[in-house]
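Next comes structure.cif, a file with mmCIF, C-alpha atoms.
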data_query
loop_
_atom_site.group_PDB
_atom_site.id
_atom_site.type_symbol
_atom_site.label_atom_id
_atom_site.label_comp_id
_atom_site.auth_asym_id
_atom_site.auth_seq_id
_atom_site.Cartn_x
_atom_site.Cartn_y
_atom_site.Cartn_z
ATOM 1 C CA MET A 24 10.889 5.786 18.952
ATOM 2 C CA MET A 25 10.901 5.652 15.150
ATOM 3 C CA ASN A 26 9.926 8.990 13.587
ATOM 4 C CA ASN A 27 9.263 7.498 10.163
ATOM 5 C CA LEU A 28 9.613 4.180 8.392
ATOM 6 C CA PHE A 29 12.800 5.093 6.547
ATOM 7 C CA SER A 30 14.636 6.016 9.751
ATOM 8 C CA ILE A 31 15.461 2.314 10.167
ATOM 9 C CA PHE A 32 17.963 2.707 7.329
ATOM 10 C CA ASP A 33 19.833 5.473 9.129
ATOM 11 C CA PRO A 34 19.687 4.740 12.866
ATOM 12 C CA SER A 35 21.294 7.164 15.286
ATOM 13 C CA THR A 36 24.151 5.102 16.712
ATOM 14 C CA ASN A 37 26.797 7.293 18.256
ATOM 15 C CA ILE A 38 29.338 7.429 21.029
ATOM 16 C CA PHE A 39 30.582 10.835 22.193
ATOM 17 C CA ASN A 40 28.558 12.391 19.323
ATOM 18 C CA LEU A 41 30.561 10.378 16.756
ATOM 19 C CA ASN A 42 28.425 8.608 14.155
ATOM 20 C CA LEU A 43 29.365 4.928 14.168
ATOM 21 C CA ASN A 44 26.963 3.747 11.449
ATOM 22 C CA TRP A 45 29.473 3.782 8.623
ATOM 23 C CA LEU A 46 31.995 1.771 10.637
ATOM 24 C CA SER A 47 29.924 -1.274 9.662
ATOM 25 C CA THR A 48 31.359 -0.878 6.148
ATOM 26 C CA PHE A 49 34.710 -2.111 7.445
ATOM 27 C CA LEU A 50 33.234 -5.254 9.023
ATOM 28 C CA GLY A 51 33.727 -6.973 5.662
ATOM 29 C CA LEU A 52 37.422 -7.131 6.458
ATOM 30 C CA MET A 53 36.585 -9.809 9.009
ATOM 31 C CA PHE A 54 35.373 -12.104 6.215
ATOM 32 C CA LEU A 55 38.472 -11.889 4.056
ATOM 33 C CA PRO A 56 40.391 -15.152 3.629
ATOM 34 C CA LEU A 57 43.081 -15.711 6.218
ATOM 35 C CA THR A 58 45.955 -15.813 3.740
ATOM 36 C CA PHE A 59 48.500 -15.654 6.554
ATOM 37 C CA TRP A 60 47.710 -19.177 7.648
ATOM 38 C CA LEU A 61 50.454 -21.720 6.981
ATOM 39 C CA ILE A 62 47.959 -24.345 5.788
ATOM 40 C CA PRO A 63 45.305 -23.131 3.291
ATOM 41 C CA ASN A 64 41.767 -23.889 4.420
ATOM 42 C CA ARG A 65 38.561 -24.603 2.526
ATOM 43 C CA TYR A 66 37.387 -21.050 3.051
ATOM 44 C CA LEU A 67 40.414 -19.764 1.147
ATOM 45 C CA PHE A 68 39.917 -22.341 -1.623
ATOM 46 C CA PHE A 69 36.269 -21.284 -1.912
ATOM 47 C CA TRP A 70 37.108 -17.600 -2.400
ATOM 48 C CA ASN A 71 39.958 -18.399 -4.769
ATOM 49 C CA PHE A 72 37.535 -20.441 -6.879
ATOM 50 C CA ILE A 73 35.064 -17.534 -7.031
ATOM 51 C CA PHE A 74 37.765 -14.972 -7.841
ATOM 52 C CA ILE A 75 39.231 -17.136 -10.630
ATOM 53 C CA LYS A 76 35.774 -17.579 -12.193
ATOM 54 C CA LEU A 77 35.118 -13.832 -11.997
ATOM 55 C CA HIS A 78 38.563 -13.066 -13.389
ATOM 56 C CA ASN A 79 37.993 -15.264 -16.435
ATOM 57 C CA GLU A 80 34.562 -13.769 -17.066
ATOM 58 C CA PHE A 81 35.696 -10.153 -16.679
ATOM 59 C CA LYS A 82 38.687 -10.842 -18.924
ATOM 60 C CA LEU A 83 36.342 -11.931 -21.714
ATOM 61 C CA LEU A 84 34.164 -8.841 -21.268
ATOM 62 C CA LEU A 85 37.093 -6.419 -21.318
ATOM 63 C CA LYS A 86 38.347 -7.798 -24.688
ATOM 64 C CA ASN A 87 40.909 -5.335 -26.083
ATOM 65 C CA ASN A 88 40.986 -3.341 -22.838
ATOM 66 C CA TYR A 89 42.319 -6.251 -20.817
ATOM 67 C CA PHE A 90 45.784 -6.037 -19.347
ATOM 68 C CA GLN A 91 47.280 -7.986 -16.472
ATOM 69 C CA GLY A 92 45.586 -7.076 -13.214
ATOM 70 C CA SER A 93 42.794 -4.967 -14.750
ATOM 71 C CA THR A 94 40.078 -7.298 -13.462
ATOM 72 C CA PHE A 95 41.152 -6.901 -9.830
ATOM 73 C CA ILE A 96 39.318 -3.580 -9.407
ATOM 74 C CA PHE A 97 36.016 -5.169 -10.454
ATOM 75 C CA ILE A 98 36.593 -8.273 -8.322
ATOM 76 C CA SER A 99 37.363 -6.036 -5.337
ATOM 77 C CA MET A 100 34.210 -4.008 -5.985
ATOM 78 C CA PHE A 101 32.164 -7.211 -6.193
ATOM 79 C CA SER A 102 33.569 -8.426 -2.862
ATOM 80 C CA PHE A 103 33.052 -5.074 -1.140
ATOM 81 C CA ILE A 104 29.413 -4.735 -2.217
ATOM 82 C CA LEU A 105 28.697 -8.404 -1.474
ATOM 83 C CA PHE A 106 30.037 -8.147 2.094
ATOM 84 C CA ASN A 107 28.055 -4.978 2.799
ATOM 85 C CA ASN A 108 24.850 -6.406 1.328
ATOM 86 C CA PHE A 109 25.129 -9.525 3.471
ATOM 87 C CA LEU A 110 26.058 -7.664 6.639
ATOM 88 C CA GLY A 111 22.954 -5.514 6.255
ATOM 89 C CA LEU A 112 20.818 -8.637 6.710
ATOM 90 C CA PHE A 113 22.072 -9.112 10.273
ATOM 91 C CA PRO A 114 20.196 -7.386 13.115
ATOM 92 C CA TYR A 115 21.531 -4.057 14.392
ATOM 93 C CA ILE A 116 24.055 -3.700 11.551
ATOM 94 C CA PHE A 117 23.802 -0.585 9.422
ATOM 95 C CA THR A 118 23.112 -1.302 5.709
ATOM 96 C CA SER A 119 25.516 1.073 4.009
ATOM 97 C CA THR A 120 24.640 -0.069 0.469
ATOM 98 C CA SER A 121 21.061 1.163 0.944
ATOM 99 C CA HIS A 122 22.357 4.757 0.801
ATOM 100 C CA LEU A 123 23.235 6.703 -2.330
ATOM 101 C CA THR A 124 26.198 8.109 -0.423
ATOM 102 C CA LEU A 125 28.045 4.810 -0.773
ATOM 103 C CA SER A 126 26.647 3.568 -4.087
ATOM 104 C CA LEU A 127 27.339 6.870 -5.867
ATOM 105 C CA SER A 128 30.814 6.962 -4.331
ATOM 106 C CA ILE A 129 31.486 3.659 -6.094
ATOM 107 C CA SER A 130 29.819 4.216 -9.480
ATOM 108 C CA LEU A 131 30.604 7.906 -10.118
ATOM 109 C CA PRO A 132 34.443 7.755 -9.854
ATOM 110 C CA LEU A 133 34.509 4.631 -12.038
ATOM 111 C CA TRP A 134 32.329 6.232 -14.718
ATOM 112 C CA LEU A 135 34.329 9.479 -14.627
ATOM 113 C CA SER A 136 37.618 7.635 -15.011
ATOM 114 C CA PHE A 137 36.265 5.646 -17.975
ATOM 115 C CA MET A 138 34.941 8.789 -19.669
ATOM 116 C CA ILE A 139 38.095 10.828 -19.122
ATOM 117 C CA TYR A 140 40.295 8.013 -20.390
ATOM 118 C CA GLY A 141 38.081 7.380 -23.419
ATOM 119 C CA TRP A 142 37.701 11.009 -24.520
ATOM 120 C CA ILE A 143 41.402 11.769 -24.091
ATOM 121 C CA ASN A 144 42.883 8.637 -25.662
ATOM 122 C CA ASN A 145 40.253 7.470 -28.136
ATOM 123 C CA TYR A 146 37.810 10.280 -28.878
ATOM 124 C CA ASN A 147 37.056 8.987 -32.415
ATOM 125 C CA HIS A 148 35.664 5.768 -30.984
ATOM 126 C CA MET A 149 33.632 7.725 -28.417
ATOM 127 C CA PHE A 150 32.056 9.844 -31.159
ATOM 128 C CA ILE A 151 31.329 6.769 -33.307
ATOM 129 C CA HIS A 152 29.698 5.066 -30.345
ATOM 130 C CA MET A 153 27.069 7.834 -30.179
ATOM 131 C CA ILE A 154 25.594 6.820 -33.564
ATOM 132 C CA PRO A 155 24.762 3.112 -33.961
ATOM 133 C CA GLN A 156 25.607 1.548 -37.285
ATOM 134 C CA GLY A 157 22.831 1.819 -39.881
ATOM 135 C CA THR A 158 21.146 4.877 -38.337
ATOM 136 C CA PRO A 159 19.299 7.003 -40.984
ATOM 137 C CA PRO A 160 20.812 10.496 -41.403
ATOM 138 C CA ILE A 161 17.599 12.216 -40.323
ATOM 139 C CA LEU A 162 17.694 10.407 -36.955
ATOM 140 C CA MET A 163 21.382 11.013 -36.242
ATOM 141 C CA PRO A 164 20.901 14.211 -34.126
ATOM 142 C CA PHE A 165 18.276 12.456 -31.997
ATOM 143 C CA MET A 166 20.479 9.381 -31.575
ATOM 144 C CA VAL A 167 23.391 11.550 -30.435
ATOM 145 C CA LEU A 168 21.117 13.224 -27.880
ATOM 146 C CA ILE A 169 19.682 9.918 -26.638
ATOM 147 C CA GLU A 170 23.096 8.233 -26.406
ATOM 148 C CA THR A 171 24.546 11.254 -24.573
ATOM 149 C CA ILE A 172 21.737 11.247 -22.007
ATOM 150 C CA SER A 173 21.955 7.474 -21.519
ATOM 151 C CA ASN A 174 25.720 7.778 -21.029
ATOM 152 C CA ILE A 175 25.390 10.589 -18.489
ATOM 153 C CA ILE A 176 22.817 8.775 -16.334
ATOM 154 C CA ARG A 177 24.841 5.542 -16.159
ATOM 155 C CA PRO A 178 26.414 6.191 -12.731
ATOM 156 C CA GLY A 179 23.019 7.222 -11.393
ATOM 157 C CA THR A 180 21.320 4.078 -12.673
ATOM 158 C CA LEU A 181 24.053 1.899 -11.177
ATOM 159 C CA ALA A 182 23.723 3.599 -7.788
ATOM 160 C CA VAL A 183 19.914 3.731 -7.739
ATOM 161 C CA ARG A 184 19.638 0.069 -8.825
ATOM 162 C CA LEU A 185 21.731 -1.092 -5.885
ATOM 163 C CA THR A 186 20.115 1.273 -3.366
ATOM 164 C CA ALA A 187 16.527 0.563 -4.440
ATOM 165 C CA ASN A 188 16.962 -3.216 -4.349
ATOM 166 C CA MET A 189 18.509 -3.142 -0.879
ATOM 167 C CA ILE A 190 15.865 -0.757 0.500
ATOM 168 C CA ALA A 191 12.922 -2.677 -0.988
ATOM 169 C CA GLY A 192 13.738 -5.975 0.717
ATOM 170 C CA HIS A 193 14.575 -4.414 4.073
ATOM 171 C CA LEU A 194 11.414 -2.318 3.939
ATOM 172 C CA LEU A 195 9.251 -5.350 3.277
ATOM 173 C CA LEU A 196 10.877 -7.278 6.133
ATOM 174 C CA THR A 197 10.330 -4.322 8.467
ATOM 175 C CA LEU A 198 6.664 -3.912 7.500
ATOM 176 C CA LEU A 199 5.982 -7.595 8.150
ATOM 177 C CA SER A 200 7.810 -7.604 11.474
ATOM 178 C CA LYS A 201 5.821 -4.589 12.709
ATOM 179 C CA THR A 202 2.565 -6.533 12.336
ATOM 180 C CA GLY A 203 3.851 -9.472 14.427
ATOM 181 C CA PRO A 204 2.644 -8.322 17.892
ATOM 182 C CA MET A 205 -0.923 -7.855 16.601
ATOM 183 C CA MET A 206 -1.244 -11.421 15.255
ATOM 184 C CA ASN A 207 -2.340 -14.595 16.968
ATOM 185 C CA PHE A 208 -0.111 -17.626 17.405
ATOM 186 C CA TYR A 209 -0.844 -19.357 14.082
ATOM 187 C CA LEU A 210 -0.524 -16.209 12.016
ATOM 188 C CA SER A 211 2.735 -15.425 13.803
ATOM 189 C CA ILE A 212 4.123 -18.830 12.766
ATOM 190 C CA LEU A 213 3.067 -18.119 9.179
ATOM 191 C CA MET A 214 4.676 -14.678 9.295
ATOM 192 C CA ILE A 215 7.948 -16.141 10.589
ATOM 193 C CA LEU A 216 7.998 -18.620 7.707
ATOM 194 C CA ILE A 217 7.387 -15.774 5.251
ATOM 195 C CA GLN A 218 10.159 -13.772 6.873
ATOM 196 C CA ILE A 219 12.563 -16.702 6.484
ATOM 197 C CA LEU A 220 11.652 -17.026 2.796
ATOM 198 C CA LEU A 221 12.140 -13.289 2.300
ATOM 199 C CA LEU A 222 15.498 -13.486 4.061
ATOM 200 C CA ILE A 223 16.586 -16.225 1.652
ATOM 201 C CA LEU A 224 15.395 -14.056 -1.230
ATOM 202 C CA GLU A 225 17.324 -11.082 0.123
ATOM 203 C CA SER A 226 20.454 -13.223 0.344
ATOM 204 C CA ALA A 227 20.059 -14.042 -3.347
ATOM 205 C CA VAL A 228 19.458 -10.358 -4.129
ATOM 206 C CA ALA A 229 22.652 -9.444 -2.243
ATOM 207 C CA ILE A 230 24.682 -11.760 -4.488
ATOM 208 C CA ILE A 231 22.889 -10.813 -7.707
ATOM 209 C CA GLN A 232 23.161 -7.052 -7.181
ATOM 210 C CA SER A 233 26.894 -7.171 -6.429
ATOM 211 C CA TYR A 234 27.401 -9.312 -9.537
ATOM 212 C CA VAL A 235 25.270 -6.990 -11.707
ATOM 213 C CA ILE A 236 27.157 -3.873 -10.578
ATOM 214 C CA ALA A 237 30.519 -5.536 -11.309
ATOM 215 C CA ILE A 238 29.388 -6.820 -14.725
ATOM 216 C CA LEU A 239 27.899 -3.479 -15.818
ATOM 217 C CA SER A 240 31.009 -1.597 -14.703
ATOM 218 C CA THR A 241 33.135 -4.021 -16.725
ATOM 219 C CA LEU A 242 30.930 -3.539 -19.793
ATOM 220 C CA TYR A 243 31.107 0.252 -19.478
ATOM 221 C CA SER A 244 34.897 0.114 -19.279
ATOM 222 C CA SER A 245 35.060 -2.110 -22.389
ATOM 223 C CA GLU A 246 33.229 0.522 -24.447
ATOM 224 C CA VAL A 247 35.861 3.241 -24.112
ATOM 225 C CA ASN A 248 38.373 1.526 -26.416
#

As structure tokens:
Amino acid sequence: MMNNLFSIFDPSTNIFNLNLNWLSTFLGLMFLPLTFWLIPNRYLFFWNFIFIKLHNEFKLLLKNNYFQGSTFIFISMFSFILFNNFLGLFPYIFTSTSHLTLSLSISLPLWLSFMIYGWINNYNHMFIHMIPQGTPPILMPFMVLIETISNIIRPGTLAVRLTANMIAGHLLLTLLSKTGPMMNFYLSILMILIQILLLILESAVAIIQSYVIAILSTLYSSEVN
């Protein structure tokens, strides 16, 4: 029996008192292209096409920070979040991206590495970045404070954006499905159609959110040099 509505996002699935929820994070490995095949298939061509497009776009965003292979970390992050977002749409599969535990584990180490690298290797640029060009002298202390706060909350905003978007769609689908047994036949048909439309919307959200996280992480890394 469900104690509260949000318990659907953290179901108690265990064997021998071992929590198996987070094992669903590794199910994305099943969707990786089968590069060991002797004859490349269309699935492999499809993912290669996506990765090449992402590589070219991230390379443009990185600008002076680009070096060979630097876009792979953002492409890997995009793939990892995309797989987990999609797997969460299947029944009885734990949605790991709807928890701050996973989203903060992705955004916080990236942000820390960018900040440490920037302040150690190019601290003049980091100080200049705190005051936008053309700021009046009287507003400079306030701009430094605002830019510092906005810089500190970046990993939190990345994590909360992903978590909130994944929770909102799943919560709406759950609320609609709970009203199904109390409806008559015609309303049930209407509710199923609405659920299908929401599922299509959630599929689009899964792609968009993984793309947004990868793009924002790339932009943050381009600002440290």

Selection under test: the PyMOL selection byres ((chain A and resi 193) around 12); residues as a PyMOL selection string: chain A and resi 28-32+108-109+111-114+117-118+120-121+186-192+194-200+218+221-222+224-226+228-229

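In this model, the gap between CA of Asn107 (chain A) and CA of Pro63 (chain A) comes to 25.0 Å.
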
Considering only C-alpha atoms, state which residue in the set A:Val247, A:Ile98, A:Leu168, A:Ile143 is at the smallest distance from Lys86 (chain A). A:Val247

d(CA of Leu162 (chain A), CA of Asn145 (chain A)) in Å: 24.4 Å

Once the PyMOL selection byres ((chain A and resi 124-128) around 10) has been applied to the shown file, what residues remain in the selection, as a ChimeraX atom specification? /A:45,48,104,119-123,129-133,178-186,236

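Running the PyMOL selection byres ((chain A and resi 80) around 12) on this file leaves Ile73, Phe74, Ile75, Lys76, Leu77, His78, Asn79, Phe81, Lys82, Leu83, Leu84, Leu85, Lys86, Tyr89, Thr94, Phe95, Phe97, Ile98, Tyr234, Ala237, Ile238, Thr241 and Leu242 of chain A selected.
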
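Residue nearest Leu135 (chain A), chosen from A:Tyr115, A:Leu216, A:Phe150, A:Ile175 and counting only C-alpha atoms: A:Ile175.
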
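With distances restricted to all atoms listed in the file, A:Ser240 is the closest residue to Met100 (chain A) from A:Asn147, A:Ser136, A:Asn64, A:Ser240.
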
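Atom to atom, CA of Phe106 (chain A) and CA of Gly51 (chain A) stand 5.3 Å apart.
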
Taking all atoms of region 146-156 of chain A that the file lists and extending 3 Å past them on each side, where is the centre of the axis-aligned box and how long are its edges? Answer in Å to one decimal, as JSON.
{"center_x": 31.3, "center_y": 5.9, "center_z": -32.9, "size_x": 19.0, "size_y": 14.7, "size_z": 14.9}

Met166 (chain A) environment, 12 Å, all atoms listed in the file, sequence neighbours closer than 4 positions dropped, as a count of residues only: 18

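Among the candidates A:Arg177, A:Met205, A:Phe101, A:Val167, the residue lying nearest to Phe137 (chain A) is A:Arg177 (atoms considered: only C-alpha atoms).
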
What would region 199-210 of chain A look like with all heavy atoms restored, written as a PDB file, in the coordinates of the input?
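The resulting file, rebuild.pdb, is reproduced below:
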ATOM      1  N   LEU A 199       6.539  -6.341   7.643  1.00  0.00           N
ATOM      2  CA  LEU A 199       5.982  -7.595   8.150  1.00  0.00           C
ATOM      3  C   LEU A 199       6.270  -7.791   9.637  1.00  0.00           C
ATOM      4  O   LEU A 199       5.420  -8.282  10.386  1.00  0.00           O
ATOM      5  CB  LEU A 199       6.553  -8.773   7.355  1.00  0.00           C
ATOM      6  CG  LEU A 199       6.019  -8.956   5.927  1.00  0.00           C
ATOM      7  CD1 LEU A 199       6.755 -10.077   5.214  1.00  0.00           C
ATOM      8  CD2 LEU A 199       4.526  -9.236   5.942  1.00  0.00           C
ATOM      9  N   SER A 200       7.466  -7.406  10.065  1.00  0.00           N
ATOM     10  CA  SER A 200       7.810  -7.604  11.474  1.00  0.00           C
ATOM     11  C   SER A 200       7.014  -6.682  12.385  1.00  0.00           C
ATOM     12  O   SER A 200       6.765  -7.019  13.547  1.00  0.00           O
ATOM     13  CB  SER A 200       9.308  -7.363  11.674  1.00  0.00           C
ATOM     14  OG  SER A 200       9.661  -6.033  11.358  1.00  0.00           O
ATOM     15  N   LYS A 201       6.602  -5.515  11.881  1.00  0.00           N
ATOM     16  CA  LYS A 201       5.821  -4.589  12.709  1.00  0.00           C
ATOM     17  C   LYS A 201       4.415  -5.105  13.000  1.00  0.00           C
ATOM     18  O   LYS A 201       3.789  -4.701  13.979  1.00  0.00           O
ATOM     19  CB  LYS A 201       5.725  -3.225  12.008  1.00  0.00           C
ATOM     20  CG  LYS A 201       7.048  -2.471  11.947  1.00  0.00           C
ATOM     21  CD  LYS A 201       7.522  -2.096  13.334  1.00  0.00           C
ATOM     22  CE  LYS A 201       8.869  -1.402  13.262  1.00  0.00           C
ATOM     23  NZ  LYS A 201       9.409  -1.117  14.605  1.00  0.00           N
ATOM     24  N   THR A 202       3.914  -5.997  12.115  1.00  0.00           N
ATOM     25  CA  THR A 202       2.565  -6.533  12.336  1.00  0.00           C
ATOM     26  C   THR A 202       2.562  -7.765  13.233  1.00  0.00           C
ATOM     27  O   THR A 202       1.500  -8.288  13.560  1.00  0.00           O
ATOM     28  CB  THR A 202       1.923  -6.898  10.983  1.00  0.00           C
ATOM     29  OG1 THR A 202       2.753  -7.870  10.322  1.00  0.00           O
ATOM     30  CG2 THR A 202       1.798  -5.667  10.090  1.00  0.00           C
ATOM     31  N   GLY A 203       3.758  -8.261  13.615  1.00  0.00           N
ATOM     32  CA  GLY A 203       3.851  -9.472  14.427  1.00  0.00           C
ATOM     33  C   GLY A 203       3.124  -9.412  15.754  1.00  0.00           C
ATOM     34  O   GLY A 203       2.366 -10.336  16.100  1.00  0.00           O
ATOM     35  N   PRO A 204       3.306  -8.352  16.573  1.00  0.00           N
ATOM     36  CA  PRO A 204       2.644  -8.322  17.892  1.00  0.00           C
ATOM     37  C   PRO A 204       1.122  -8.310  17.825  1.00  0.00           C
ATOM     38  O   PRO A 204       0.460  -8.642  18.809  1.00  0.00           O
ATOM     39  CB  PRO A 204       3.173  -7.007  18.501  1.00  0.00           C
ATOM     40  CG  PRO A 204       4.463  -6.749  17.791  1.00  0.00           C
ATOM     41  CD  PRO A 204       4.261  -7.253  16.401  1.00  0.00           C
ATOM     42  N   MET A 205       0.539  -7.936  16.705  1.00  0.00           N
ATOM     43  CA  MET A 205      -0.923  -7.855  16.601  1.00  0.00           C
ATOM     44  C   MET A 205      -1.541  -9.144  16.084  1.00  0.00           C
ATOM     45  O   MET A 205      -2.750  -9.223  15.908  1.00  0.00           O
ATOM     46  CB  MET A 205      -1.306  -6.693  15.673  1.00  0.00           C
ATOM     47  CG  MET A 205      -0.879  -5.335  16.199  1.00  0.00           C
ATOM     48  SD  MET A 205      -1.274  -3.998  15.074  1.00  0.00           S
ATOM     49  CE  MET A 205      -0.106  -4.303  13.766  1.00  0.00           C
ATOM     50  N   MET A 206      -0.737 -10.166  15.809  1.00  0.00           N
ATOM     51  CA  MET A 206      -1.244 -11.421  15.255  1.00  0.00           C
ATOM     52  C   MET A 206      -1.394 -12.477  16.340  1.00  0.00           C
ATOM     53  O   MET A 206      -0.745 -12.402  17.386  1.00  0.00           O
ATOM     54  CB  MET A 206      -0.286 -11.942  14.170  1.00  0.00           C
ATOM     55  CG  MET A 206      -0.220 -11.093  12.916  1.00  0.00           C
ATOM     56  SD  MET A 206       0.890 -11.814  11.686  1.00  0.00           S
ATOM     57  CE  MET A 206       0.664 -10.675  10.324  1.00  0.00           C
ATOM     58  N   ASN A 207      -2.233 -13.462  16.046  1.00  0.00           N
ATOM     59  CA  ASN A 207      -2.340 -14.595  16.968  1.00  0.00           C
ATOM     60  C   ASN A 207      -1.203 -15.579  16.714  1.00  0.00           C
ATOM     61  O   ASN A 207      -0.337 -15.350  15.870  1.00  0.00           O
ATOM     62  CB  ASN A 207      -3.711 -15.282  16.824  1.00  0.00           C
ATOM     63  CG  ASN A 207      -3.974 -15.732  15.389  1.00  0.00           C
ATOM     64  OD1 ASN A 207      -3.038 -16.094  14.661  1.00  0.00           O
ATOM     65  ND2 ASN A 207      -5.241 -15.719  14.990  1.00  0.00           N
ATOM     66  N   PHE A 208      -1.239 -16.691  17.437  1.00  0.00           N
ATOM     67  CA  PHE A 208      -0.111 -17.626  17.405  1.00  0.00           C
ATOM     68  C   PHE A 208       0.093 -18.220  16.012  1.00  0.00           C
ATOM     69  O   PHE A 208       1.214 -18.266  15.504  1.00  0.00           O
ATOM     70  CB  PHE A 208      -0.351 -18.740  18.433  1.00  0.00           C
ATOM     71  CG  PHE A 208       0.704 -19.797  18.407  1.00  0.00           C
ATOM     72  CD1 PHE A 208       1.966 -19.563  18.964  1.00  0.00           C
ATOM     73  CD2 PHE A 208       0.453 -21.030  17.817  1.00  0.00           C
ATOM     74  CE1 PHE A 208       2.936 -20.546  18.935  1.00  0.00           C
ATOM     75  CE2 PHE A 208       1.427 -22.016  17.789  1.00  0.00           C
ATOM     76  CZ  PHE A 208       2.670 -21.766  18.347  1.00  0.00           C
ATOM     77  N   TYR A 209      -0.981 -18.670  15.376  1.00  0.00           N
ATOM     78  CA  TYR A 209      -0.844 -19.357  14.082  1.00  0.00           C
ATOM     79  C   TYR A 209      -0.406 -18.396  12.983  1.00  0.00           C
ATOM     80  O   TYR A 209       0.415 -18.745  12.131  1.00  0.00           O
ATOM     81  CB  TYR A 209      -2.173 -20.034  13.724  1.00  0.00           C
ATOM     82  CG  TYR A 209      -2.579 -21.087  14.709  1.00  0.00           C
ATOM     83  CD1 TYR A 209      -3.594 -20.843  15.632  1.00  0.00           C
ATOM     84  CD2 TYR A 209      -1.939 -22.325  14.745  1.00  0.00           C
ATOM     85  CE1 TYR A 209      -3.969 -21.814  16.562  1.00  0.00           C
ATOM     86  CE2 TYR A 209      -2.303 -23.297  15.656  1.00  0.00           C
ATOM     87  CZ  TYR A 209      -3.315 -23.036  16.565  1.00  0.00           C
ATOM     88  OH  TYR A 209      -3.652 -23.998  17.476  1.00  0.00           O
ATOM     89  N   LEU A 210      -0.955 -17.199  13.007  1.00  0.00           N
ATOM     90  CA  LEU A 210      -0.524 -16.209  12.016  1.00  0.00           C
ATOM     91  C   LEU A 210       0.927 -15.781  12.247  1.00  0.00           C
ATOM     92  O   LEU A 210       1.649 -15.463  11.296  1.00  0.00           O
ATOM     93  CB  LEU A 210      -1.448 -14.988  12.059  1.00  0.00           C
ATOM     94  CG  LEU A 210      -2.853 -15.183  11.496  1.00  0.00           C
ATOM     95  CD1 LEU A 210      -3.678 -13.918  11.658  1.00  0.00           C
ATOM     96  CD2 LEU A 210      -2.793 -15.592  10.024  1.00  0.00           C
TER      97      LEU A 210
END
